[in-house]
>>> print(open('upload-v6.tsv').read())   # TSV, C-alpha atoms
chain	number	residue	atom	x	y	z
A	1312	MET	CA	139.05	80.19	143.41
A	1313	PRO	CA	135.95	78.83	145.25
A	1314	ALA	CA	136.64	76.13	147.83
A	1315	ASP	CA	134.66	73.40	146.00
A	1316	LYS	CA	137.08	73.57	143.08
A	1317	THR	CA	139.57	71.69	145.20
A	1318	THR	CA	137.56	68.43	145.44
A	1319	PRO	CA	138.17	65.74	142.79
A	1320	ASN	CA	134.51	65.82	141.71
A	1321	ALA	CA	134.58	69.55	141.22
A	1322	ARG	CA	137.83	69.33	139.26
A	1323	ARG	CA	136.30	66.67	137.01
A	1324	ALA	CA	133.18	68.80	136.49
A	1325	ASP	CA	135.40	71.74	135.67
A	1326	ALA	CA	137.41	69.72	133.15
A	1327	LYS	CA	134.23	68.46	131.52
A	1328	ARG	CA	132.89	72.01	131.24
A	1329	ASN	CA	136.12	73.15	129.59
A	1330	ARG	CA	136.02	70.33	127.11
A	1331	GLU	CA	132.41	71.14	126.27
A	1332	LYS	CA	133.18	74.85	125.95
A	1333	ILE	CA	135.99	74.02	123.51
A	1334	LEU	CA	133.84	71.68	121.44
A	1335	ALA	CA	130.99	74.19	121.33
A	1336	ALA	CA	133.36	76.96	120.22
A	1337	ALA	CA	135.00	74.73	117.61
A	1338	ARG	CA	131.60	73.58	116.35
A	1339	SER	CA	130.39	77.12	115.79
A	1340	ALA	CA	133.73	78.18	114.32
A	1341	PHE	CA	133.80	75.34	111.79
A	1342	ALA	CA	130.17	75.93	110.84
A	1343	ASP	CA	131.46	78.78	108.66
A	1344	PRO	CA	132.59	76.93	105.53
A	1345	HIS	CA	134.99	79.69	104.49
A	1346	ALA	CA	136.68	80.41	107.82
A	1347	GLU	CA	140.27	79.39	108.45
A	1348	ILE	CA	140.11	78.19	112.04
A	1349	SER	CA	143.36	78.03	114.04
A	1350	MET	CA	143.79	76.46	117.46
A	1351	ALA	CA	144.39	80.00	118.79
A	1352	GLU	CA	141.03	81.08	117.38
A	1353	VAL	CA	139.28	78.14	119.04
A	1354	SER	CA	140.98	78.98	122.34
A	1355	ARG	CA	139.85	82.61	122.03
A	1356	ARG	CA	136.26	81.71	121.14
A	1357	ALA	CA	136.02	79.13	123.94
A	1358	GLY	CA	137.46	81.52	126.51
A	1359	VAL	CA	140.05	78.98	127.67
A	1360	GLY	CA	143.84	79.22	127.62
A	1361	MET	CA	145.99	77.45	125.05
A	1362	ALA	CA	147.31	75.12	127.79
A	1363	THR	CA	143.80	73.96	128.61
A	1364	LEU	CA	142.99	73.56	124.93
A	1365	TYR	CA	146.09	71.43	124.25
A	1366	ARG	CA	145.58	69.39	127.42
A	1367	ASN	CA	142.17	68.41	126.06
A	1368	PHE	CA	143.19	68.11	122.41
A	1369	PRO	CA	146.93	67.58	121.83
A	1370	GLY	CA	146.57	68.41	118.14
A	1371	ARG	CA	144.22	69.87	115.61
A	1372	LYS	CA	143.33	66.40	114.35
A	1373	ASP	CA	142.27	65.33	117.84
A	1374	LEU	CA	139.95	68.30	118.08
A	1375	LEU	CA	138.45	67.65	114.65
A	1376	GLU	CA	137.94	63.97	115.42
A	1377	ALA	CA	136.29	64.79	118.75
A	1378	LEU	CA	134.02	67.28	117.01
A	1379	TYR	CA	133.06	64.78	114.35
A	1380	THR	CA	132.55	61.93	116.83
A	1381	ASP	CA	130.46	64.22	119.00
A	1382	GLU	CA	128.15	64.98	116.06
A	1383	VAL	CA	127.89	61.30	115.15
A	1384	ASP	CA	127.00	60.57	118.78
A	1385	GLY	CA	124.18	63.10	118.42
A	1386	ILE	CA	122.91	61.49	115.18
A	1387	CYS	CA	122.95	58.04	116.80
A	1388	ALA	CA	121.23	59.23	119.98
A	1389	SER	CA	118.59	60.94	117.88
A	1390	ALA	CA	117.90	57.75	115.91
A	1391	GLU	CA	117.48	55.89	119.19
A	1392	ALA	CA	115.05	58.52	120.52
A	1393	LEU	CA	113.03	58.54	117.28
A	1394	LYS	CA	112.39	54.79	117.44
A	1395	SER	CA	109.25	55.46	119.49
A	1396	GLU	CA	107.84	57.90	116.87
A	1397	PRO	CA	105.60	56.86	113.93
A	1398	PRO	CA	107.84	55.04	111.39
A	1399	GLY	CA	107.74	57.25	108.24
A	1400	ALA	CA	107.90	60.56	110.07
A	1401	ALA	CA	110.67	59.29	112.35
A	1402	LEU	CA	112.84	58.33	109.38
A	1403	LEU	CA	112.28	61.66	107.60
A	1404	THR	CA	113.07	63.65	110.74
A	1405	TRP	CA	116.24	61.66	111.20
A	1406	LEU	CA	117.31	62.07	107.56
A	1407	GLU	CA	116.86	65.83	107.90
A	1408	GLU	CA	119.27	65.72	110.84
A	1409	VAL	CA	121.71	63.62	108.84
A	1410	PHE	CA	121.49	66.15	106.01
A	1411	ALA	CA	122.23	69.01	108.43
A	1412	PHE	CA	125.19	66.98	109.71
A	1413	PHE	CA	126.55	66.52	106.17
A	1414	MET	CA	126.12	70.24	105.47
A	1415	THR	CA	127.81	71.51	108.59
A	1416	LYS	CA	130.48	68.85	108.86
A	1417	ARG	CA	131.70	69.23	105.30
A	1418	GLN	CA	134.73	71.31	106.28
A	1419	VAL	CA	135.70	69.18	109.28
A	1420	GLY	CA	135.27	66.02	107.23
A	1421	ALA	CA	137.29	67.38	104.31
A	1422	GLU	CA	140.11	68.43	106.62
A	1423	LEU	CA	140.11	65.09	108.43
A	1424	LEU	CA	140.35	63.30	105.08
A	1425	LYS	CA	143.67	65.07	104.49
A	1426	HIS	CA	145.12	63.41	107.58
A	1427	SER	CA	146.90	60.05	107.61
A	1428	GLU	CA	145.45	56.77	106.38
A	1429	SER	CA	143.85	56.26	109.80
A	1430	GLY	CA	141.26	58.70	108.45
A	1431	SER	CA	139.56	56.07	106.37
A	1432	ARG	CA	139.14	53.75	109.36
A	1433	PHE	CA	137.87	56.67	111.43
A	1434	PHE	CA	135.24	57.51	108.81
A	1435	SER	CA	134.17	53.93	108.16
A	1436	ASP	CA	133.79	53.31	111.90
A	1437	ASN	CA	131.57	56.36	112.26
A	1438	ARG	CA	129.64	55.48	109.12
A	1439	ASN	CA	129.00	52.01	110.52
A	1440	ARG	CA	127.73	53.52	113.76
A	1441	VAL	CA	125.31	55.76	111.85
A	1442	ILE	CA	124.09	52.83	109.76
A	1443	ALA	CA	123.59	50.65	112.82
A	1444	ALA	CA	121.65	53.43	114.56
A	1445	GLY	CA	119.46	54.42	111.61
A	1446	GLY	CA	118.84	50.94	110.20
A	1447	PRO	CA	115.86	50.21	112.48
A	1448	LEU	CA	114.17	53.48	111.43
A	1449	LEU	CA	114.38	52.57	107.73
A	1450	ALA	CA	113.35	48.96	108.40
A	1451	ALA	CA	110.27	50.10	110.37
A	1452	ALA	CA	109.23	52.54	107.64
A	1453	GLN	CA	109.67	49.84	104.99
A	1454	ARG	CA	107.74	47.26	107.03
A	1455	ALA	CA	104.89	49.80	107.32
A	1456	HIS	CA	104.99	50.20	103.50
A	1457	ILE	CA	105.51	53.93	103.91
A	1458	VAL	CA	108.99	53.97	102.39
A	1459	ARG	CA	110.10	52.15	99.22
A	1460	ASP	CA	111.84	48.86	99.89
A	1461	ASP	CA	114.40	48.86	97.05
A	1462	LEU	CA	116.99	50.99	98.87
A	1463	THR	CA	119.32	50.14	101.73
A	1464	LEU	CA	120.27	52.71	104.34
A	1465	GLU	CA	123.73	52.93	102.74
A	1466	GLN	CA	122.08	54.00	99.49
A	1467	VAL	CA	119.79	56.49	101.23
A	1468	LEU	CA	122.73	58.01	103.11
A	1469	ASP	CA	124.84	58.24	99.93
A	1470	MET	CA	121.91	60.00	98.28
A	1471	ILE	CA	121.51	62.51	101.12
A	1472	SER	CA	125.27	63.07	101.20
A	1473	ALA	CA	125.33	63.68	97.43
A	1474	ILE	CA	122.57	66.30	97.72
A	1475	ALA	CA	124.43	67.98	100.59
A	1476	LYS	CA	127.42	68.47	98.27
A	1477	ILE	CA	125.44	70.50	95.70
A	1478	ASP	CA	126.70	74.08	95.44
A	1479	GLY	CA	124.17	76.67	96.47
A	1480	ASP	CA	122.49	78.29	99.45
A	1481	ALA	CA	119.74	76.69	101.54
A	1482	GLY	CA	117.01	78.20	99.34
A	1483	TYR	CA	118.50	76.41	96.34
A	1484	VAL	CA	119.40	73.05	97.90
A	1485	ARG	CA	116.46	72.55	100.26
A	1486	PRO	CA	113.79	71.96	97.55
A	1487	ILE	CA	116.16	69.42	95.96
A	1488	LEU	CA	116.41	67.61	99.30
A	1489	GLN	CA	112.62	67.74	99.68
A	1490	SER	CA	112.13	66.22	96.23
A	1491	THR	CA	114.65	63.51	97.06
A	1492	LEU	CA	112.94	62.68	100.36
A	1493	ASP	CA	109.54	62.60	98.62
A	1494	GLY	CA	110.98	60.00	96.26
A	1495	LEU	CA	111.51	57.68	99.20
A	1496	SER	CA	107.80	57.17	99.69
A	1497	ALA	CA	106.52	53.73	98.69
A	1498	PRO	CA	105.43	53.68	95.03
A	1499	THR	CA	101.86	54.63	94.17
A	1500	SER	CA	100.16	54.39	90.80
A	1501	SER	CA	100.38	58.15	90.36
A	1502	ARG	CA	104.03	58.29	89.31
A	1503	PRO	CA	104.76	59.75	85.87
B	289	MET	CA	143.30	54.94	45.79
B	290	PRO	CA	139.84	54.89	44.07
B	291	ALA	CA	139.31	57.60	41.47
B	292	ASP	CA	136.45	59.29	43.32
B	293	LYS	CA	138.76	60.15	46.22
B	294	THR	CA	140.22	62.91	44.09
B	295	THR	CA	137.07	65.03	43.87
B	296	PRO	CA	136.60	67.75	46.52
B	297	ASN	CA	133.31	66.21	47.71
B	298	ALA	CA	134.88	62.82	48.20
B	299	ARG	CA	137.80	64.38	50.10
B	300	ARG	CA	135.37	66.21	52.37
B	301	ALA	CA	133.40	63.01	52.99
B	302	ASP	CA	136.66	61.24	53.74
B	303	ALA	CA	137.74	63.91	56.22
B	304	LYS	CA	134.34	63.77	57.92
B	305	ARG	CA	134.59	59.99	58.23
B	306	ASN	CA	138.04	60.27	59.78
B	307	ARG	CA	136.85	62.84	62.29
B	308	GLU	CA	133.93	60.61	63.21
B	309	LYS	CA	136.14	57.54	63.51
B	310	ILE	CA	138.44	59.47	65.87
B	311	LEU	CA	135.56	60.75	68.00
B	312	ALA	CA	133.99	57.27	68.19
B	313	ALA	CA	137.30	55.72	69.22
B	314	ALA	CA	137.96	58.45	71.79
B	315	ARG	CA	134.42	58.12	73.13
B	316	SER	CA	134.76	54.40	73.73
B	317	ALA	CA	138.29	54.79	75.12
B	318	PHE	CA	137.25	57.43	77.64
B	319	ALA	CA	134.19	55.42	78.69
B	320	ASP	CA	136.60	53.36	80.83
B	321	PRO	CA	136.95	55.52	83.94
B	322	HIS	CA	140.30	54.02	84.90
B	323	ALA	CA	142.05	54.02	81.52
B	324	GLU	CA	144.91	56.40	80.82
B	325	ILE	CA	144.18	57.41	77.23
B	326	SER	CA	147.02	58.88	75.17
B	327	MET	CA	146.70	60.46	71.73
B	328	ALA	CA	148.66	57.48	70.35
B	329	GLU	CA	146.08	55.12	71.84
B	330	VAL	CA	143.23	57.09	70.25
B	331	SER	CA	145.04	57.01	66.89
B	332	ARG	CA	145.52	53.24	67.21
B	333	ARG	CA	141.90	52.58	68.19
B	334	ALA	CA	140.55	54.82	65.42
B	335	GLY	CA	142.79	53.22	62.80
B	336	VAL	CA	144.06	56.60	61.58
B	337	GLY	CA	147.62	57.92	61.55
B	338	MET	CA	148.92	60.44	64.08
B	339	ALA	CA	149.12	63.08	61.32
B	340	THR	CA	145.40	62.70	60.59
B	341	LEU	CA	144.60	62.75	64.30
B	342	TYR	CA	146.57	65.96	64.91
B	343	ARG	CA	145.18	67.60	61.75
B	344	ASN	CA	141.71	67.10	63.21
B	345	PHE	CA	142.60	67.81	66.83
B	346	PRO	CA	145.81	69.82	67.31
B	347	GLY	CA	145.92	68.93	71.03
B	348	ARG	CA	144.42	66.65	73.61
B	349	LYS	CA	142.25	69.45	74.94
B	350	ASP	CA	140.75	70.00	71.45
B	351	LEU	CA	139.84	66.33	71.25
B	352	LEU	CA	138.29	66.33	74.72
B	353	GLU	CA	136.32	69.47	73.99
B	354	ALA	CA	135.04	68.04	70.69
B	355	LEU	CA	134.04	64.85	72.47
B	356	TYR	CA	132.21	66.76	75.17
B	357	THR	CA	130.54	69.15	72.71
B	358	ASP	CA	129.49	66.20	70.59
B	359	GLU	CA	127.76	64.57	73.56
B	360	VAL	CA	126.07	67.84	74.51
B	361	ASP	CA	124.87	68.15	70.90
B	362	GLY	CA	123.31	64.70	71.31
B	363	ILE	CA	121.59	65.66	74.58
B	364	CYS	CA	120.19	68.82	72.98
B	365	ALA	CA	119.01	67.02	69.83
B	366	SER	CA	117.34	64.39	71.98
B	367	ALA	CA	115.48	67.05	73.99
B	368	GLU	CA	114.25	68.57	70.73
B	369	ALA	CA	113.07	65.17	69.43
B	370	LEU	CA	111.30	64.34	72.72
B	371	LYS	CA	109.19	67.52	72.60
B	372	SER	CA	106.56	65.61	70.62
B	373	GLU	CA	106.30	62.84	73.25
B	374	PRO	CA	103.90	62.87	76.25
B	375	PRO	CA	105.26	65.46	78.75
B	376	GLY	CA	106.13	63.43	81.87
B	377	ALA	CA	107.60	60.45	80.05
B	378	ALA	CA	109.56	62.73	77.71
B	379	LEU	CA	111.23	64.49	80.62
B	380	LEU	CA	112.10	61.23	82.39
B	381	THR	CA	113.55	59.70	79.23
B	382	TRP	CA	115.65	62.80	78.70
B	383	LEU	CA	116.87	62.89	82.33
B	384	GLU	CA	117.97	59.25	81.98
B	385	GLU	CA	120.06	60.32	78.98
B	386	VAL	CA	121.48	63.22	80.93
B	387	PHE	CA	122.37	60.84	83.77
B	388	ALA	CA	124.15	58.52	81.32
B	389	PHE	CA	125.99	61.57	79.99
B	390	PHE	CA	127.13	62.56	83.50
B	391	MET	CA	128.26	58.98	84.20
B	392	THR	CA	130.28	58.50	81.02
B	393	LYS	CA	131.63	62.03	80.70
B	394	ARG	CA	132.97	62.17	84.23
B	395	GLN	CA	136.57	61.52	83.19
B	396	VAL	CA	136.53	63.84	80.18
B	397	GLY	CA	134.89	66.55	82.24
B	398	ALA	CA	137.35	66.15	85.11
B	399	GLU	CA	140.29	66.32	82.74
B	400	LEU	CA	138.91	69.36	80.94
B	401	LEU	CA	138.47	71.10	84.27
B	402	LYS	CA	142.24	70.86	84.79
B	403	HIS	CA	142.84	72.95	81.69
B	404	SER	CA	143.13	76.76	81.63
B	405	GLU	CA	140.50	79.17	82.89
B	406	SER	CA	138.75	78.97	79.52
B	407	GLY	CA	137.40	75.69	80.92
B	408	SER	CA	134.80	77.39	83.05
B	409	ARG	CA	133.42	79.34	80.06
B	410	PHE	CA	133.39	76.14	78.03
B	411	PHE	CA	131.39	74.31	80.69
B	412	SER	CA	128.99	77.15	81.39
B	413	ASP	CA	128.28	77.55	77.66
B	414	ASN	CA	127.50	73.85	77.34
B	415	ARG	CA	125.45	73.90	80.51
B	416	ASN	CA	123.42	76.81	79.16
B	417	ARG	CA	122.78	74.90	75.95
B	418	VAL	CA	121.53	71.86	77.90
B	419	ILE	CA	119.28	74.07	80.04
B	420	ALA	CA	117.87	75.85	76.99
B	421	ALA	CA	117.19	72.51	75.29
B	422	GLY	CA	115.64	70.73	78.29
B	423	GLY	CA	113.72	73.69	79.71
B	424	PRO	CA	110.64	73.13	77.50
B	425	LEU	CA	110.44	69.45	78.58
B	426	LEU	CA	110.34	70.39	82.27
B	427	ALA	CA	107.91	73.26	81.65
B	428	ALA	CA	105.52	70.99	79.73
B	429	ALA	CA	105.63	68.32	82.48
B	430	GLN	CA	105.00	70.98	85.14
B	431	ARG	CA	102.13	72.56	83.13
B	432	ALA	CA	100.55	69.09	82.91
B	433	HIS	CA	100.90	68.78	86.73
B	434	ILE	CA	102.89	65.57	86.26
B	435	VAL	CA	106.09	66.96	87.71
B	436	ARG	CA	106.43	69.08	90.87
B	437	ASP	CA	106.69	72.81	90.19
B	438	ASP	CA	109.10	73.84	92.95
B	439	LEU	CA	112.28	72.94	91.08
B	440	THR	CA	114.00	74.65	88.16
B	441	LEU	CA	115.85	72.65	85.52
B	442	GLU	CA	119.14	73.86	87.04
B	443	GLN	CA	118.14	72.24	90.33
B	444	VAL	CA	117.01	69.04	88.63
B	445	LEU	CA	120.28	68.81	86.68
B	446	ASP	CA	122.36	69.46	89.81
B	447	MET	CA	120.43	66.68	91.51
B	448	ILE	CA	121.03	64.21	88.67
B	449	SER	CA	124.68	65.21	88.51
B	450	ALA	CA	125.06	64.70	92.27
B	451	ILE	CA	123.59	61.19	92.02
B	452	ALA	CA	125.91	60.38	89.12
B	453	LYS	CA	128.88	61.16	91.37
B	454	ILE	CA	127.96	58.51	93.97
B	455	ASP	CA	130.56	55.74	94.18
B	456	GLY	CA	129.27	52.35	93.19
B	457	ASP	CA	128.31	50.17	90.24
B	458	ALA	CA	125.11	50.51	88.24
B	459	GLY	CA	123.28	48.04	90.49
B	460	TYR	CA	123.99	50.30	93.45
B	461	VAL	CA	123.42	53.72	91.90
B	462	ARG	CA	120.47	52.98	89.59
B	463	PRO	CA	117.85	52.45	92.36
B	464	ILE	CA	119.02	55.73	93.91
B	465	LEU	CA	118.45	57.48	90.57
B	466	GLN	CA	115.03	55.84	90.28
B	467	SER	CA	114.05	57.04	93.74
B	468	THR	CA	115.24	60.53	92.87
B	469	LEU	CA	113.27	60.59	89.61
B	470	ASP	CA	110.17	59.30	91.42
B	471	GLY	CA	110.48	62.25	93.76
B	472	LEU	CA	109.97	64.59	90.81
B	473	SER	CA	106.36	63.55	90.40
B	474	ALA	CA	103.83	66.19	91.44
B	475	PRO	CA	102.87	65.82	95.13
B	476	THR	CA	100.01	63.49	96.01
B	477	SER	CA	98.39	63.01	99.40
B	478	SER	CA	100.16	59.67	99.82
B	479	ARG	CA	103.57	61.01	100.80
B	480	PRO	CA	104.90	59.94	104.22
>>> encode(input="upload-v6.tsv", output="structure tokens")
Amino acid sequence: MPADKTTPNARRADAKRNREKILAAARSAFADPHAEISMAEVSRRAGVGMATLYRNFPGRKDLLEALYTDEVDGICASAEALKSEPPGAALLTWLEEVFAFFMTKRQVGAELLKHSESGSRFFSDNRNRVIAAGGPLLAAAQRAHIVRDDLTLEQVLDMISAIAKIDGDAGYVRPILQSTLDGLSAPTSSRP
Amino acid sequence: MPADKTTPNARRADAKRNREKILAAARSAFADPHAEISMAEVSRRAGVGMATLYRNFPGRKDLLEALYTDEVDGICASAEALKSEPPGAALLTWLEEVFAFFMTKRQVGAELLKHSESGSRFFSDNRNRVIAAGGPLLAAAQRAHIVRDDLTLEQVLDMISAIAKIDGDAGYVRPILQSTLDGLSAPTSSRP
């Protein structure tokens, strides 16, 4: 073991790397909607021992929650970064990311829902964070009269989430999403 | 009993009326998404005896299937009648009816899904009938360049069905449906 592994800073950096390796491995493992992912499989894919895995995540639920929270962090950070982009385009880019989140997190979310009643608080907290982060993007696009003003972000997110649940591959679902996003544009006189 | 009830024609008319009374009662009973509807309750609401109810529908599944088929008949007949209307408006009117069908038939559909494997054939047959009936409405609207041409009717129906599954009252879900339907209009240069 290299000498610098013995300093507290190095040990913390090492621990952080392990945690990130585990989350990255779990993220890619759970991206397959049909895979049955065990803790042993996550440990194998991450290249860390079971002891390290369980030190970071005492149970499967902890790992799933960390994975989910990590993705929500990403969605929120992205909304923040997009605030400096032109309003309509910023919102659409962000909604595409939210859609990708709904698609890839379906399995993790479904499994988390099976866990105790704390699940509902966990989900509503994360939902509130997403709404708080994305609200300014919708408000800016509505103020600029680019996006229709008769929908709240809750409604837009429920719509995107509903589309993400449609059975079918990307080639089937993507045009449906596109149509749905096009519908968000502020009304013109050309509607049927 | 009036004399004319003894002729075969009168008996057939009587039987038809009873069947219709039962279906109407069952339809209104099942429109309440939270009600637990028993055969006895349907008999009571229809004002017919249990013997008459069971002569028409030997089991609960038969009643549910008849109810569902009856609604699909209505959707198909409506598509046929709308063929003479202006293309874009005809399609939108029909999709609103389909949406109402998805909303009200959620409970019947969910309960039918619990029944034997014949359920999937039952649903796919009815789905195919709806697609055959509505196809010409979408094709006409697309030929007239009123509706976007990158979606099939299957995709449009999956979209409408997904929106109908969103939790919330009509005031919440209706603007989402409107936005979704607006998105079906053929692309203009004014999109965000």
>>> interface_residues(input="upload-v6.tsv", of="chain A", to="chain B", cutoff="12 Å", atoms="all atoms listed in the file", output="PyMOL selection string")
chain A and resi 1397-1404+1452-1453+1455-1480+1482-1503
>>> atom_distance(input="upload-v6.tsv", atom1="atom CA of A:Lys1372", atom2="atom CA of A:Ala1337")
12.2 Å
>>> residues_around(input="upload-v6.tsv", residues="B:Ala328", least_positions_apart="2", cutoff="12 Å", atoms="only C-alpha atoms", output="MDAnalysis selection string")
chainID B and resid 310 313:314 317 324:326 330:342 347:348
>>> atom_distance(input="upload-v6.tsv", atom1="atom CA of B:Phe410", atom2="atom CA of B:His322")
24.2 Å
>>> closest_residue(input="upload-v6.tsv", among="A:Ala1326, A:Cys1387, A:Leu1334, A:Ile1442", to="A:Glu1408", atoms="all atoms listed in the file")
A:Cys1387
>>> atom_distance(input="upload-v6.tsv", atom1="atom CA of A:Leu1375", atom2="atom CA of A:Ser1431")
14.3 Å
>>> residues_around(input="upload-v6.tsv", residues="B:Ser366", least_positions_apart="6", cutoff="12 Å", atoms="all atoms listed in the file", output="PDB file with C-alpha atoms, in the coordinates of the input")
ATOM      1  CA  GLU B 359     127.760  64.570  73.560  1.00  0.00           C
ATOM      2  CA  VAL B 360     126.070  67.840  74.510  1.00  0.00           C
ATOM      3  CA  SER B 372     106.560  65.610  70.620  1.00  0.00           C
ATOM      4  CA  GLU B 373     106.300  62.840  73.250  1.00  0.00           C
ATOM      5  CA  ALA B 378     109.560  62.730  77.710  1.00  0.00           C
ATOM      6  CA  LEU B 379     111.230  64.490  80.620  1.00  0.00           C
ATOM      7  CA  THR B 381     113.550  59.700  79.230  1.00  0.00           C
ATOM      8  CA  TRP B 382     115.650  62.800  78.700  1.00  0.00           C
ATOM      9  CA  LEU B 383     116.870  62.890  82.330  1.00  0.00           C
ATOM     10  CA  GLU B 384     117.970  59.250  81.980  1.00  0.00           C
ATOM     11  CA  GLU B 385     120.060  60.320  78.980  1.00  0.00           C
ATOM     12  CA  VAL B 386     121.480  63.220  80.930  1.00  0.00           C
ATOM     13  CA  VAL B 418     121.530  71.860  77.900  1.00  0.00           C
ATOM     14  CA  ALA B 421     117.190  72.510  75.290  1.00  0.00           C
ATOM     15  CA  GLY B 422     115.640  70.730  78.290  1.00  0.00           C
ATOM     16  CA  LEU B 425     110.440  69.450  78.580  1.00  0.00           C
TER      17      LEU B 425
END
